[in-house]
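Here is the file query.cif (mmCIF, C-alpha atoms and all ligand atoms).
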```cif
data_model
#
loop_
_atom_site.group_PDB
_atom_site.id
_atom_site.type_symbol
_atom_site.label_atom_id
_atom_site.label_comp_id
_atom_site.auth_asym_id
_atom_site.auth_seq_id
_atom_site.Cartn_x
_atom_site.Cartn_y
_atom_site.Cartn_z
ATOM 1 C CA MET A 28 -20.948 -28.376 -5.214
ATOM 2 C CA LEU A 29 -24.627 -27.412 -5.017
ATOM 3 C CA VAL A 30 -25.140 -30.109 -2.394
ATOM 4 C CA GLU A 31 -22.428 -28.576 -0.235
ATOM 5 C CA ILE A 32 -23.680 -25.035 -0.874
ATOM 6 C CA ALA A 33 -27.100 -26.170 0.341
ATOM 7 C CA ILE A 34 -25.690 -27.915 3.416
ATOM 8 C CA GLY A 35 -23.659 -24.844 4.380
ATOM 9 C CA ASP A 36 -26.673 -22.639 3.761
ATOM 10 C CA ALA A 37 -29.141 -24.835 5.671
ATOM 11 C CA TYR A 38 -26.789 -25.355 8.599
ATOM 12 C CA GLY A 39 -25.790 -21.686 8.680
ATOM 13 C CA ALA A 40 -29.406 -20.535 8.374
ATOM 14 C CA GLY A 41 -30.067 -21.903 11.845
ATOM 15 C CA PHE A 42 -27.488 -19.459 13.193
ATOM 16 C CA GLU A 43 -27.975 -16.464 10.902
ATOM 17 C CA PHE A 44 -27.759 -13.303 13.037
ATOM 18 C CA CYS A 45 -28.587 -15.324 16.138
ATOM 19 C CA GLU A 46 -27.476 -14.573 19.669
ATOM 20 C CA ARG A 47 -23.970 -15.684 20.648
ATOM 21 C CA PRO A 48 -25.101 -18.254 23.236
ATOM 22 C CA LYS A 49 -26.902 -20.275 20.548
ATOM 23 C CA ILE A 50 -23.669 -20.530 18.566
ATOM 24 C CA ALA A 51 -21.701 -21.464 21.666
ATOM 25 C CA GLN A 52 -24.202 -24.158 22.597
ATOM 26 C CA TYR A 53 -25.177 -25.714 19.254
ATOM 27 C CA ASN A 54 -22.473 -25.079 16.653
ATOM 28 C CA ASP A 55 -21.030 -28.591 16.838
ATOM 29 C CA LEU A 56 -22.482 -30.052 13.598
ATOM 30 C CA THR A 57 -24.702 -32.488 15.501
ATOM 31 C CA ALA A 58 -27.946 -31.101 14.072
ATOM 32 C CA TYR A 59 -29.520 -28.591 11.733
ATOM 33 C CA GLN A 60 -31.148 -25.815 13.746
ATOM 34 C CA GLN A 61 -34.455 -24.232 12.931
ATOM 35 C CA HIS A 62 -34.175 -20.881 11.191
ATOM 36 C CA TYR A 63 -35.549 -17.835 13.004
ATOM 37 C CA LEU A 64 -37.944 -17.229 10.117
ATOM 38 C CA GLY A 65 -39.597 -20.523 10.951
ATOM 39 C CA MET A 66 -38.336 -22.707 8.120
ATOM 40 C CA PRO A 67 -37.864 -26.330 9.147
ATOM 41 C CA ALA A 68 -34.361 -27.401 10.101
ATOM 42 C CA GLY A 69 -32.451 -28.604 7.029
ATOM 43 C CA SER A 70 -34.073 -26.097 4.650
ATOM 44 C CA TYR A 71 -31.826 -24.013 2.483
ATOM 45 C CA THR A 72 -32.425 -20.334 1.694
ATOM 46 C CA ASP A 73 -31.901 -17.706 -1.007
ATOM 47 C CA ASP A 74 -28.162 -18.430 -1.287
ATOM 48 C CA THR A 75 -28.796 -21.907 -2.641
ATOM 49 C CA GLN A 76 -31.884 -21.033 -4.644
ATOM 50 C CA MET A 77 -30.010 -18.317 -6.523
ATOM 51 C CA SER A 78 -26.997 -20.604 -7.034
ATOM 52 C CA ILE A 79 -29.414 -23.155 -8.517
ATOM 53 C CA ALA A 80 -30.707 -20.457 -10.862
ATOM 54 C CA ILE A 81 -27.157 -19.656 -12.001
ATOM 55 C CA ALA A 82 -26.386 -23.356 -12.448
ATOM 56 C CA GLU A 83 -29.524 -23.846 -14.553
ATOM 57 C CA LEU A 84 -28.641 -20.838 -16.678
ATOM 58 C CA LEU A 85 -25.212 -22.330 -17.349
ATOM 59 C CA LEU A 86 -26.813 -25.648 -18.252
ATOM 60 C CA ASP A 87 -29.407 -24.020 -20.509
ATOM 61 C CA ARG A 88 -26.706 -22.302 -22.578
ATOM 62 C CA LEU A 89 -29.024 -19.440 -23.423
ATOM 63 C CA ASP A 90 -27.690 -16.018 -24.220
ATOM 64 C CA TRP A 91 -26.125 -14.610 -21.034
ATOM 65 C CA SER A 92 -28.378 -11.550 -21.128
ATOM 66 C CA PRO A 93 -29.833 -9.643 -18.172
ATOM 67 C CA ALA A 94 -33.332 -10.632 -19.313
ATOM 68 C CA ASN A 95 -32.517 -14.348 -19.376
ATOM 69 C CA ILE A 96 -30.705 -14.192 -16.051
ATOM 70 C CA ALA A 97 -33.554 -12.292 -14.426
ATOM 71 C CA ASP A 98 -35.967 -14.852 -15.862
ATOM 72 C CA GLY A 99 -33.886 -17.571 -14.227
ATOM 73 C CA PHE A 100 -34.087 -15.882 -10.820
ATOM 74 C CA VAL A 101 -37.834 -15.341 -11.104
ATOM 75 C CA ARG A 102 -38.440 -18.913 -12.253
ATOM 76 C CA ALA A 103 -36.397 -20.481 -9.446
ATOM 77 C CA PHE A 104 -38.236 -18.375 -6.890
ATOM 78 C CA LYS A 105 -41.782 -18.798 -8.152
ATOM 79 C CA ARG A 106 -41.742 -22.572 -8.460
ATOM 80 C CA ASP A 107 -40.430 -22.949 -4.930
ATOM 81 C CA LYS A 108 -41.014 -19.767 -2.906
ATOM 82 C CA ARG A 109 -38.957 -19.600 0.204
ATOM 83 C CA LEU A 110 -37.850 -17.177 2.873
ATOM 84 C CA GLY A 111 -34.378 -15.835 3.430
ATOM 85 C CA TYR A 112 -34.399 -13.256 0.645
ATOM 86 C CA ALA A 113 -34.014 -9.605 1.572
ATOM 87 C CA LYS A 114 -37.526 -8.295 2.209
ATOM 88 C CA GLY A 115 -37.556 -5.938 -0.764
ATOM 89 C CA LEU A 116 -36.347 -8.555 -3.219
ATOM 90 C CA TYR A 117 -38.801 -11.138 -1.877
ATOM 91 C CA GLN A 118 -41.647 -8.717 -2.554
ATOM 92 C CA LEU A 119 -40.388 -7.849 -6.038
ATOM 93 C CA LEU A 120 -39.964 -11.515 -6.968
ATOM 94 C CA SER A 121 -43.475 -12.202 -5.698
ATOM 95 C CA ASP A 122 -44.980 -9.308 -7.655
ATOM 96 C CA VAL A 123 -43.377 -9.679 -11.074
ATOM 97 C CA ALA A 124 -44.414 -12.097 -13.808
ATOM 98 C CA ASP A 125 -41.031 -12.535 -15.436
ATOM 99 C CA GLY A 126 -37.457 -11.315 -15.709
ATOM 100 C CA ALA A 127 -38.268 -8.326 -17.876
ATOM 101 C CA ALA A 128 -40.706 -7.048 -15.260
ATOM 102 C CA LEU A 129 -38.106 -7.596 -12.542
ATOM 103 C CA LEU A 130 -35.491 -5.644 -14.485
ATOM 104 C CA ALA A 131 -37.944 -2.800 -15.000
ATOM 105 C CA ILE A 132 -38.475 -2.200 -11.273
ATOM 106 C CA LEU A 133 -35.275 -3.420 -9.649
ATOM 107 C CA ARG A 134 -32.899 -0.785 -8.225
ATOM 108 C CA PRO A 135 -29.561 -2.603 -8.382
ATOM 109 C CA ASP A 136 -27.701 -0.381 -5.925
ATOM 110 C CA SER A 137 -26.867 -2.896 -3.210
ATOM 111 C CA SER A 138 -23.361 -3.586 -1.905
ATOM 112 C CA ARG A 139 -24.544 -6.560 0.124
ATOM 113 C CA ASN A 140 -23.500 -10.145 -0.512
ATOM 114 C CA GLY A 141 -26.381 -11.243 -2.733
ATOM 115 C CA ALA A 142 -24.317 -11.428 -5.924
ATOM 116 C CA ALA A 143 -21.361 -13.108 -4.205
ATOM 117 C CA MET A 144 -23.485 -15.798 -2.593
ATOM 118 C CA ARG A 145 -24.646 -17.166 -5.959
ATOM 119 C CA SER A 146 -21.301 -17.000 -7.779
ATOM 120 C CA VAL A 147 -19.655 -20.317 -6.904
ATOM 121 C CA PRO A 148 -21.069 -22.123 -9.997
ATOM 122 C CA LEU A 149 -19.647 -19.466 -12.309
ATOM 123 C CA GLY A 150 -16.111 -20.627 -11.576
ATOM 124 C CA LEU A 151 -16.829 -23.703 -13.689
ATOM 125 C CA VAL A 152 -16.758 -21.609 -16.844
ATOM 126 C CA LYS A 153 -13.446 -22.588 -18.312
ATOM 127 C CA ASP A 154 -12.490 -19.435 -20.167
ATOM 128 C CA GLN A 155 -11.577 -16.729 -17.646
ATOM 129 C CA GLN A 156 -12.694 -13.831 -19.776
ATOM 130 C CA THR A 157 -16.062 -15.409 -20.372
ATOM 131 C CA MET A 158 -16.358 -16.202 -16.685
ATOM 132 C CA GLU A 159 -15.557 -12.613 -15.713
ATOM 133 C CA GLN A 160 -18.032 -11.246 -18.161
ATOM 134 C CA GLN A 161 -20.804 -13.623 -17.099
ATOM 135 C CA CYS A 162 -20.107 -12.948 -13.449
ATOM 136 C CA ARG A 163 -20.172 -9.213 -13.946
ATOM 137 C CA VAL A 164 -23.450 -9.246 -15.860
ATOM 138 C CA GLN A 165 -25.246 -11.350 -13.267
ATOM 139 C CA ALA A 166 -23.824 -9.298 -10.384
ATOM 140 C CA GLN A 167 -24.754 -5.958 -11.922
ATOM 141 C CA LEU A 168 -28.320 -7.096 -12.329
ATOM 142 C CA THR A 169 -28.929 -6.798 -8.597
ATOM 143 C CA HIS A 170 -25.686 -5.395 -7.136
ATOM 144 C CA ASN A 171 -24.331 -2.798 -9.519
ATOM 145 C CA THR A 172 -21.846 -1.319 -7.060
ATOM 146 C CA PRO A 173 -18.058 -1.738 -6.905
ATOM 147 C CA GLU A 174 -18.438 -3.834 -3.734
ATOM 148 C CA GLY A 175 -21.282 -5.954 -5.060
ATOM 149 C CA VAL A 176 -19.425 -6.773 -8.264
ATOM 150 C CA VAL A 177 -15.927 -7.329 -6.845
ATOM 151 C CA SER A 178 -17.237 -9.639 -4.122
ATOM 152 C CA ALA A 179 -19.042 -11.751 -6.721
ATOM 153 C CA MET A 180 -15.932 -11.801 -8.900
ATOM 154 C CA ALA A 181 -13.809 -12.944 -5.959
ATOM 155 C CA VAL A 182 -16.097 -15.911 -5.325
ATOM 156 C CA ALA A 183 -16.109 -16.887 -9.000
ATOM 157 C CA TYR A 184 -12.311 -16.670 -9.192
ATOM 158 C CA ALA A 185 -11.880 -18.693 -6.005
ATOM 159 C CA SER A 186 -14.133 -21.363 -7.452
ATOM 160 C CA HIS A 187 -12.271 -21.309 -10.763
ATOM 161 C CA TYR A 188 -8.872 -21.592 -9.062
ATOM 162 C CA LEU A 189 -9.942 -24.611 -7.039
ATOM 163 C CA VAL A 190 -11.884 -26.513 -9.659
ATOM 164 C CA TYR A 191 -9.218 -26.095 -12.354
ATOM 165 C CA GLN A 192 -6.372 -26.667 -9.850
ATOM 166 C CA LEU A 193 -4.514 -23.525 -10.834
ATOM 167 C CA GLY A 194 -2.231 -23.673 -7.805
ATOM 168 C CA PRO A 195 -1.910 -24.658 -4.180
ATOM 169 C CA VAL A 196 -4.734 -23.811 -1.813
ATOM 170 C CA ALA A 197 -2.255 -21.798 0.268
ATOM 171 C CA GLN A 198 -2.137 -19.310 -2.641
ATOM 172 C CA LEU A 199 -5.907 -18.979 -3.043
ATOM 173 C CA THR A 200 -6.220 -15.570 -1.405
ATOM 174 C CA THR A 201 -3.239 -14.193 -3.309
ATOM 175 C CA PHE A 202 -4.621 -15.421 -6.617
ATOM 176 C CA VAL A 203 -8.078 -14.008 -6.007
ATOM 177 C CA SER A 204 -6.648 -10.692 -4.766
ATOM 178 C CA GLU A 205 -4.529 -10.332 -7.909
ATOM 179 C CA LYS A 206 -7.369 -11.228 -10.257
ATOM 180 C CA THR A 207 -9.871 -8.897 -8.622
ATOM 181 C CA LYS A 208 -7.379 -6.143 -7.728
ATOM 182 C CA HIS A 209 -8.683 -6.155 -4.195
ATOM 183 C CA ALA A 210 -6.720 -7.058 -1.060
ATOM 184 C CA TRP A 211 -8.720 -9.916 0.464
ATOM 185 C CA ARG A 212 -7.955 -10.870 4.026
ATOM 186 C CA ASN A 213 -7.499 -14.299 5.482
ATOM 187 C CA ASP A 214 -7.542 -13.212 9.095
ATOM 188 C CA TRP A 215 -11.129 -11.993 9.462
ATOM 189 C CA ASP A 216 -12.355 -12.564 13.012
ATOM 190 C CA ALA A 217 -15.320 -10.256 13.459
ATOM 191 C CA GLU A 218 -19.041 -10.822 13.016
ATOM 192 C CA VAL A 219 -19.954 -10.772 9.322
ATOM 193 C CA GLU A 220 -22.508 -8.203 8.242
ATOM 194 C CA CYS A 221 -24.707 -8.800 5.227
ATOM 195 C CA ASP A 222 -22.012 -7.146 3.160
ATOM 196 C CA GLY A 223 -20.217 -8.375 0.067
ATOM 197 C CA ILE A 224 -16.697 -7.380 1.090
ATOM 198 C CA GLN A 225 -16.913 -8.714 4.643
ATOM 199 C CA THR A 226 -18.428 -11.952 3.380
ATOM 200 C CA VAL A 227 -15.492 -12.580 1.047
ATOM 201 C CA HIS A 228 -12.946 -11.701 3.764
ATOM 202 C CA ALA A 229 -14.636 -14.305 5.948
ATOM 203 C CA VAL A 230 -14.758 -16.900 3.158
ATOM 204 C CA MET A 231 -11.076 -16.433 2.342
ATOM 205 C CA THR A 232 -10.255 -16.751 6.017
ATOM 206 C CA VAL A 233 -11.980 -20.096 6.561
ATOM 207 C CA MET A 234 -10.714 -21.476 3.239
ATOM 208 C CA SER A 235 -7.136 -20.521 4.138
ATOM 209 C CA GLN A 236 -7.132 -21.669 7.737
ATOM 210 C CA HIS A 237 -8.679 -25.122 7.291
ATOM 211 C CA ARG A 238 -8.511 -28.158 5.030
ATOM 212 C CA SER A 239 -11.674 -29.896 6.202
ATOM 213 C CA TYR A 240 -15.355 -29.337 5.403
ATOM 214 C CA ALA A 241 -16.305 -29.770 9.055
ATOM 215 C CA GLU A 242 -13.812 -27.190 10.297
ATOM 216 C CA ILE A 243 -14.805 -24.766 7.558
ATOM 217 C CA LEU A 244 -18.474 -25.097 8.457
ATOM 218 C CA ARG A 245 -17.913 -24.701 12.187
ATOM 219 C CA HIS A 246 -15.632 -21.706 11.751
ATOM 220 C CA SER A 247 -17.991 -20.013 9.272
ATOM 221 C CA VAL A 248 -20.801 -20.176 11.812
ATOM 222 C CA ALA A 249 -18.586 -19.265 14.767
ATOM 223 C CA LEU A 250 -17.887 -15.882 13.172
ATOM 224 C CA GLY A 251 -21.515 -14.878 13.728
ATOM 225 C CA GLY A 252 -23.699 -12.603 11.635
ATOM 226 C CA ASP A 253 -24.677 -13.518 8.079
ATOM 227 C CA VAL A 254 -23.229 -16.968 8.487
ATOM 228 C CA ASP A 255 -25.434 -18.886 6.072
ATOM 229 C CA SER A 256 -23.903 -17.005 3.156
ATOM 230 C CA VAL A 257 -20.346 -17.495 4.412
ATOM 231 C CA ALA A 258 -20.958 -21.201 5.054
ATOM 232 C CA ALA A 259 -22.754 -21.750 1.739
ATOM 233 C CA ILE A 260 -19.995 -20.154 -0.332
ATOM 234 C CA ALA A 261 -17.155 -21.724 1.654
ATOM 235 C CA LEU A 262 -18.490 -25.285 1.616
ATOM 236 C CA GLY A 263 -19.348 -24.962 -2.066
ATOM 237 C CA LEU A 264 -15.766 -23.879 -2.746
ATOM 238 C CA ALA A 265 -14.279 -26.636 -0.583
ATOM 239 C CA SER A 266 -16.205 -29.266 -2.531
ATOM 240 C CA LEU A 267 -14.364 -28.251 -5.697
ATOM 241 C CA SER A 268 -10.930 -29.288 -4.481
ATOM 242 C CA THR A 269 -9.542 -32.540 -3.132
ATOM 243 C CA ALA A 270 -7.293 -30.447 -0.912
ATOM 244 C CA TYR A 271 -10.254 -30.224 1.450
ATOM 245 C CA GLN A 272 -11.286 -33.322 3.338
ATOM 246 C CA SER A 273 -14.916 -34.313 2.904
ATOM 247 C CA ASP A 274 -15.668 -35.101 6.542
ATOM 248 C CA LEU A 275 -19.132 -33.760 7.320
ATOM 249 C CA PRO A 276 -21.345 -35.965 9.463
ATOM 250 C CA GLU A 277 -23.636 -38.109 7.342
ATOM 251 C CA HIS A 278 -26.787 -36.689 8.930
ATOM 252 C CA LEU A 279 -26.110 -33.300 7.325
ATOM 253 C CA TYR A 280 -26.580 -35.059 3.965
ATOM 254 C CA THR A 281 -29.563 -37.178 4.966
ATOM 255 C CA GLY A 282 -31.139 -34.299 6.906
ATOM 256 C CA LEU A 283 -31.042 -31.835 4.034
ATOM 257 C CA GLU A 284 -34.480 -31.117 2.591
ATOM 258 C CA GLN A 285 -35.747 -33.847 0.294
ATOM 259 C CA GLY A 286 -38.511 -32.124 -1.684
ATOM 260 C CA ARG A 287 -38.801 -31.476 -5.397
ATOM 261 C CA TYR A 288 -35.798 -29.129 -5.295
ATOM 262 C CA GLY A 289 -34.022 -30.798 -2.402
ATOM 263 C CA MET A 290 -31.104 -33.197 -2.216
ATOM 264 C CA SER A 291 -31.879 -35.308 -5.301
ATOM 265 C CA TYR A 292 -32.379 -32.286 -7.481
ATOM 266 C CA LEU A 293 -29.109 -30.732 -6.288
ATOM 267 C CA ARG A 294 -27.228 -33.957 -6.985
ATOM 268 C CA GLU A 295 -28.760 -34.129 -10.437
ATOM 269 C CA LEU A 296 -27.667 -30.567 -11.246
ATOM 270 C CA ASP A 297 -24.162 -31.278 -9.924
ATOM 271 C CA ALA A 298 -23.923 -34.325 -12.178
ATOM 272 C CA ARG A 299 -25.126 -32.403 -15.219
ATOM 273 C CA LEU A 300 -22.651 -29.581 -14.536
ATOM 274 C CA SER A 301 -19.846 -32.121 -14.178
ATOM 275 C CA ALA A 302 -20.717 -33.563 -17.562
ATOM 276 C CA GLN A 303 -21.110 -30.207 -19.259
ATOM 277 C CA PHE A 304 -17.786 -28.840 -18.046
ATOM 278 C CA GLY A 305 -15.882 -32.120 -18.237
ATOM 279 C CA LEU A 306 -15.065 -32.127 -14.536
ATOM 280 C CA PRO A 307 -14.966 -34.959 -12.015
ATOM 281 C CA LEU A 308 -18.166 -35.231 -10.026
ATOM 282 C CA LEU A 309 -18.665 -31.934 -8.259
ATOM 283 C CA ALA A 310 -19.517 -33.179 -4.820
ATOM 284 C CA GLY A 311 -17.384 -34.682 -2.137
ATOM 285 C CA ASN A 312 -19.966 -37.127 -0.904
ATOM 286 C CA SER A 313 -22.286 -37.739 -3.825
HETATM 287 MG MG MG A 401 -29.545 -16.822 3.104
#
```
Final structure tokens representation of the file:
Amino acid sequence: MLVEIAIGDAYGAGFEFCERPKIAQYNDLTAYQQHYLGMPAGSYTDDTQMSIAIAELLLDRLDWSPANIADGFVRAFKRDKRLGYAKGLYQLLSDVADGAALLAILRPDSSRNGAAMRSVPLGLVKDQQTMEQQCRVQAQLTHNTPEGVVSAMAVAYASHYLVYQLGPVAQLTTFVSEKTKHAWRNDWDAEVECDGIQTVHAVMTVMSQHRSYAEILRHSVALGGDVDSVAAIALGLASLSTAYQSDLPEHLYTGLEQGRYGMSYLRELDARLSAQFGLPLLAGNS
């Protein structure tokens, strides 16, 4: 799961808000592209780092309090600073010493996709009420708007539906729409802004229209715009269900960053999550 989130993120990051010709020329899964911020090809961004933070919080089994969650975000950032965060949040995370300090200065009024992009791991929480509550608390920390929260909830419910096999994939959008009381689309075909609602429309679209990791990844990027978030969420979701064929080229696995918090670390977290939640190994190709 985290491995696939990172692959979607790192591949998508090379195309995030890029010009159309770059997508037309290079979106064929043959290579990671360099990110416009200058990160080396194969590096993941904030989407994965914050998903790691959520995964670690689930593994730590601490109280699901805003202070602990904020601590988790600050810790994941400080030990491995990386670009890709919204400018304001990057500065805040750099400035603060811990979660309490972050909470004291954060203005959580964003309706962007920052809460949604880190919500795939929350679907592993078996009890739906607990999952909803945990998802809401973490979303409200940074995105305390109806759009910020409902987009995060949609991602968590999609993850939950797939990992616990609650029904056929063809019913995914219907299930998530009912649970979140929001009409999600599976025919999104416009460029995706850095916006929670649009991001989930795009994710539902690629999850509904394809049954293969490779097609999901290509389509996510082909939409244009904030494609690393769409690709990260969608590939993470796909990895939770055997209904999706694990058919990414091997070099996307071997080419993913290998540092302290790279591929091995992501695999290790996936394995620990699998054990904790009693689920089959959470990665198609691990
Ligand atoms: Mg990103």
**Best match for closeness to ligand MG 401 (chain A) among A:Thr200, A:Ser92, A:Thr72, A:Gln52, counting all atoms listed in the file** = A:Thr72
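Proximity ranking of A:Val257, A:Val164, A:Met290, A:Ile224 relative to ligand MG 401 (chain A) places A:Val257 first, based on all atoms listed in the file.
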So that I can see what lies close to stretch 269-277 of chain A, please list as a CSV table (one decimal) with C-alpha atoms, in the coordinates of the input the residues with an atom at most 10 Å from it, counting all atoms listed in the file and leaving out residues fewer than 5 positions away in the same chain.
```
chain,number,residue,atom,x,y,z
A,31,GLU,CA,-22.4,-28.6,-0.2
A,34,ILE,CA,-25.7,-27.9,3.4
A,56,LEU,CA,-22.5,-30.1,13.6
A,57,THR,CA,-24.7,-32.5,15.5
A,58,ALA,CA,-27.9,-31.1,14.1
A,189,LEU,CA,-9.9,-24.6,-7.0
A,190,VAL,CA,-11.9,-26.5,-9.7
A,192,GLN,CA,-6.4,-26.7,-9.8
A,195,PRO,CA,-1.9,-24.7,-4.2
A,196,VAL,CA,-4.7,-23.8,-1.8
A,234,MET,CA,-10.7,-21.5,3.2
A,237,HIS,CA,-8.7,-25.1,7.3
A,238,ARG,CA,-8.5,-28.2,5.0
A,239,SER,CA,-11.7,-29.9,6.2
A,240,TYR,CA,-15.4,-29.3,5.4
A,241,ALA,CA,-16.3,-29.8,9.1
A,242,GLU,CA,-13.8,-27.2,10.3
A,243,ILE,CA,-14.8,-24.8,7.6
A,244,LEU,CA,-18.5,-25.1,8.5
A,262,LEU,CA,-18.5,-25.3,1.6
A,264,LEU,CA,-15.8,-23.9,-2.7
A,282,GLY,CA,-31.1,-34.3,6.9
A,310,ALA,CA,-19.5,-33.2,-4.8
A,311,GLY,CA,-17.4,-34.7,-2.1
A,312,ASN,CA,-20.0,-37.1,-0.9
```
Once the PyMOL selection byres (((chain A and resi 225) around 10) and not hetatm) is applied to the coordinates I shared, what remains selected? I want it as a PDB file with C-alpha atoms, keeping the file's coordinate frame.
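Ended up saving to expr_39.pdb:
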```pdb
ATOM      1  CA  ARG A 139     -24.544  -6.560   0.124  1.00  0.00           C
ATOM      2  CA  ASN A 140     -23.500 -10.145  -0.512  1.00  0.00           C
ATOM      3  CA  GLU A 174     -18.438  -3.834  -3.734  1.00  0.00           C
ATOM      4  CA  SER A 178     -17.237  -9.639  -4.122  1.00  0.00           C
ATOM      5  CA  TRP A 211      -8.720  -9.916   0.464  1.00  0.00           C
ATOM      6  CA  ARG A 212      -7.955 -10.870   4.026  1.00  0.00           C
ATOM      7  CA  TRP A 215     -11.129 -11.993   9.462  1.00  0.00           C
ATOM      8  CA  ALA A 217     -15.320 -10.256  13.459  1.00  0.00           C
ATOM      9  CA  GLU A 218     -19.041 -10.822  13.016  1.00  0.00           C
ATOM     10  CA  VAL A 219     -19.954 -10.772   9.322  1.00  0.00           C
ATOM     11  CA  GLU A 220     -22.508  -8.203   8.242  1.00  0.00           C
ATOM     12  CA  CYS A 221     -24.707  -8.800   5.227  1.00  0.00           C
ATOM     13  CA  ASP A 222     -22.012  -7.146   3.160  1.00  0.00           C
ATOM     14  CA  GLY A 223     -20.217  -8.375   0.067  1.00  0.00           C
ATOM     15  CA  ILE A 224     -16.697  -7.380   1.090  1.00  0.00           C
ATOM     16  CA  THR A 226     -18.428 -11.952   3.380  1.00  0.00           C
ATOM     17  CA  VAL A 227     -15.492 -12.580   1.047  1.00  0.00           C
ATOM     18  CA  HIS A 228     -12.946 -11.701   3.764  1.00  0.00           C
ATOM     19  CA  ALA A 229     -14.636 -14.305   5.948  1.00  0.00           C
ATOM     20  CA  VAL A 230     -14.758 -16.900   3.158  1.00  0.00           C
ATOM     21  CA  MET A 231     -11.076 -16.433   2.342  1.00  0.00           C
ATOM     22  CA  ASP A 253     -24.677 -13.518   8.079  1.00  0.00           C
ATOM     23  CA  VAL A 257     -20.346 -17.495   4.412  1.00  0.00           C
TER      24      VAL A 257
END
```
**Request:** Taking the file above as input, evaluate the PyMOL selection byres (((chain A and resi 85) around 10) and not hetatm) and report the hits as a list in words.
**Result:** Ile79, Ala80, Ile81, Ala82, Glu83, Leu84, Leu86, Asp87, Arg88, Leu89, Asp90, Trp91, Ile96, Pro148, Leu149, Leu151, Val152, Gln161, Leu300, Gln303 and Phe304 of chain A
**Message:** Can you tell me which residues surround A:Pro135 at a distance of at most 8 Å, considering all atoms listed in the file, apart from same-chain residues fewer than 3 positions away, and format the answer as a list in words?
**Reply:**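 Non-adjacent residues within range: Gln167, Leu168, Thr169, His170, Asn171 and Thr172 of chain A.
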Surrounding residues as a PDB file with C-alpha atoms, keeping the file's coordinate frame, ligand MG 401 (chain A), max 10 Å, all atoms listed in the file:
```
ATOM      1  CA  ASP A  36     -26.673 -22.639   3.761  1.00  0.00           C
ATOM      2  CA  ALA A  37     -29.141 -24.835   5.671  1.00  0.00           C
ATOM      3  CA  GLY A  39     -25.790 -21.686   8.680  1.00  0.00           C
ATOM      4  CA  ALA A  40     -29.406 -20.535   8.374  1.00  0.00           C
ATOM      5  CA  GLU A  43     -27.975 -16.464  10.902  1.00  0.00           C
ATOM      6  CA  TYR A  71     -31.826 -24.013   2.483  1.00  0.00           C
ATOM      7  CA  THR A  72     -32.425 -20.334   1.694  1.00  0.00           C
ATOM      8  CA  ASP A  73     -31.901 -17.706  -1.007  1.00  0.00           C
ATOM      9  CA  ASP A  74     -28.162 -18.430  -1.287  1.00  0.00           C
ATOM     10  CA  THR A  75     -28.796 -21.907  -2.641  1.00  0.00           C
ATOM     11  CA  GLN A  76     -31.884 -21.033  -4.644  1.00  0.00           C
ATOM     12  CA  MET A  77     -30.010 -18.317  -6.523  1.00  0.00           C
ATOM     13  CA  LEU A 110     -37.850 -17.177   2.873  1.00  0.00           C
ATOM     14  CA  GLY A 111     -34.378 -15.835   3.430  1.00  0.00           C
ATOM     15  CA  TYR A 112     -34.399 -13.256   0.645  1.00  0.00           C
ATOM     16  CA  ALA A 113     -34.014  -9.605   1.572  1.00  0.00           C
ATOM     17  CA  ASN A 140     -23.500 -10.145  -0.512  1.00  0.00           C
ATOM     18  CA  GLY A 141     -26.381 -11.243  -2.733  1.00  0.00           C
ATOM     19  CA  MET A 144     -23.485 -15.798  -2.593  1.00  0.00           C
ATOM     20  CA  CYS A 221     -24.707  -8.800   5.227  1.00  0.00           C
ATOM     21  CA  ASP A 253     -24.677 -13.518   8.079  1.00  0.00           C
ATOM     22  CA  VAL A 254     -23.229 -16.968   8.487  1.00  0.00           C
ATOM     23  CA  ASP A 255     -25.434 -18.886   6.072  1.00  0.00           C
ATOM     24  CA  SER A 256     -23.903 -17.005   3.156  1.00  0.00           C
ATOM     25  CA  VAL A 257     -20.346 -17.495   4.412  1.00  0.00           C
ATOM     26  CA  ALA A 258     -20.958 -21.201   5.054  1.00  0.00           C
ATOM     27  CA  ALA A 259     -22.754 -21.750   1.739  1.00  0.00           C
TER      28      ALA A 259
END
```
**For A:Ala33, the nearest of the candidates A:Cys162, A:Leu283, A:Ala127, A:Ala298, counting all atoms listed in the file** = A:Leu283
**Asked** Any idea what's packed within 10 Å of A:Arg47, counting all atoms listed in the file, ignoring anything in its chain fewer than 4 positions away? Could you give it as a PyMOL selection string?
**Response** chain A and resi 42+51-52+249-252
**Request:** Enter the distance from atom CA of A:Ser235 to atom CA of A:Gln165, in Å, rounded to one decimal.
**Result:** 26.7 Å
**Request:** Can you pull out every residue within 10 Å of A:Ser204, counting all atoms listed in the file, but drop anything in the same chain fewer than 6 positions away, and send it as a list in words?
**Result:**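 Those residues are Ala181, Tyr184, Ala185, Gln198, Ala210, Trp211 and Arg212 of chain A.
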**Prompt:** Taking the file as shown, what set of residues would the PyMOL selection byres (((chain A and resi 284) around 6) and not hetatm) give back, as a PyMOL selection string?
**Reply:** chain A and resi 69-70+283+285-286+289
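Note that atom CA of A:Asp297 and atom CA of A:Lys114 are 29.2 Å apart.
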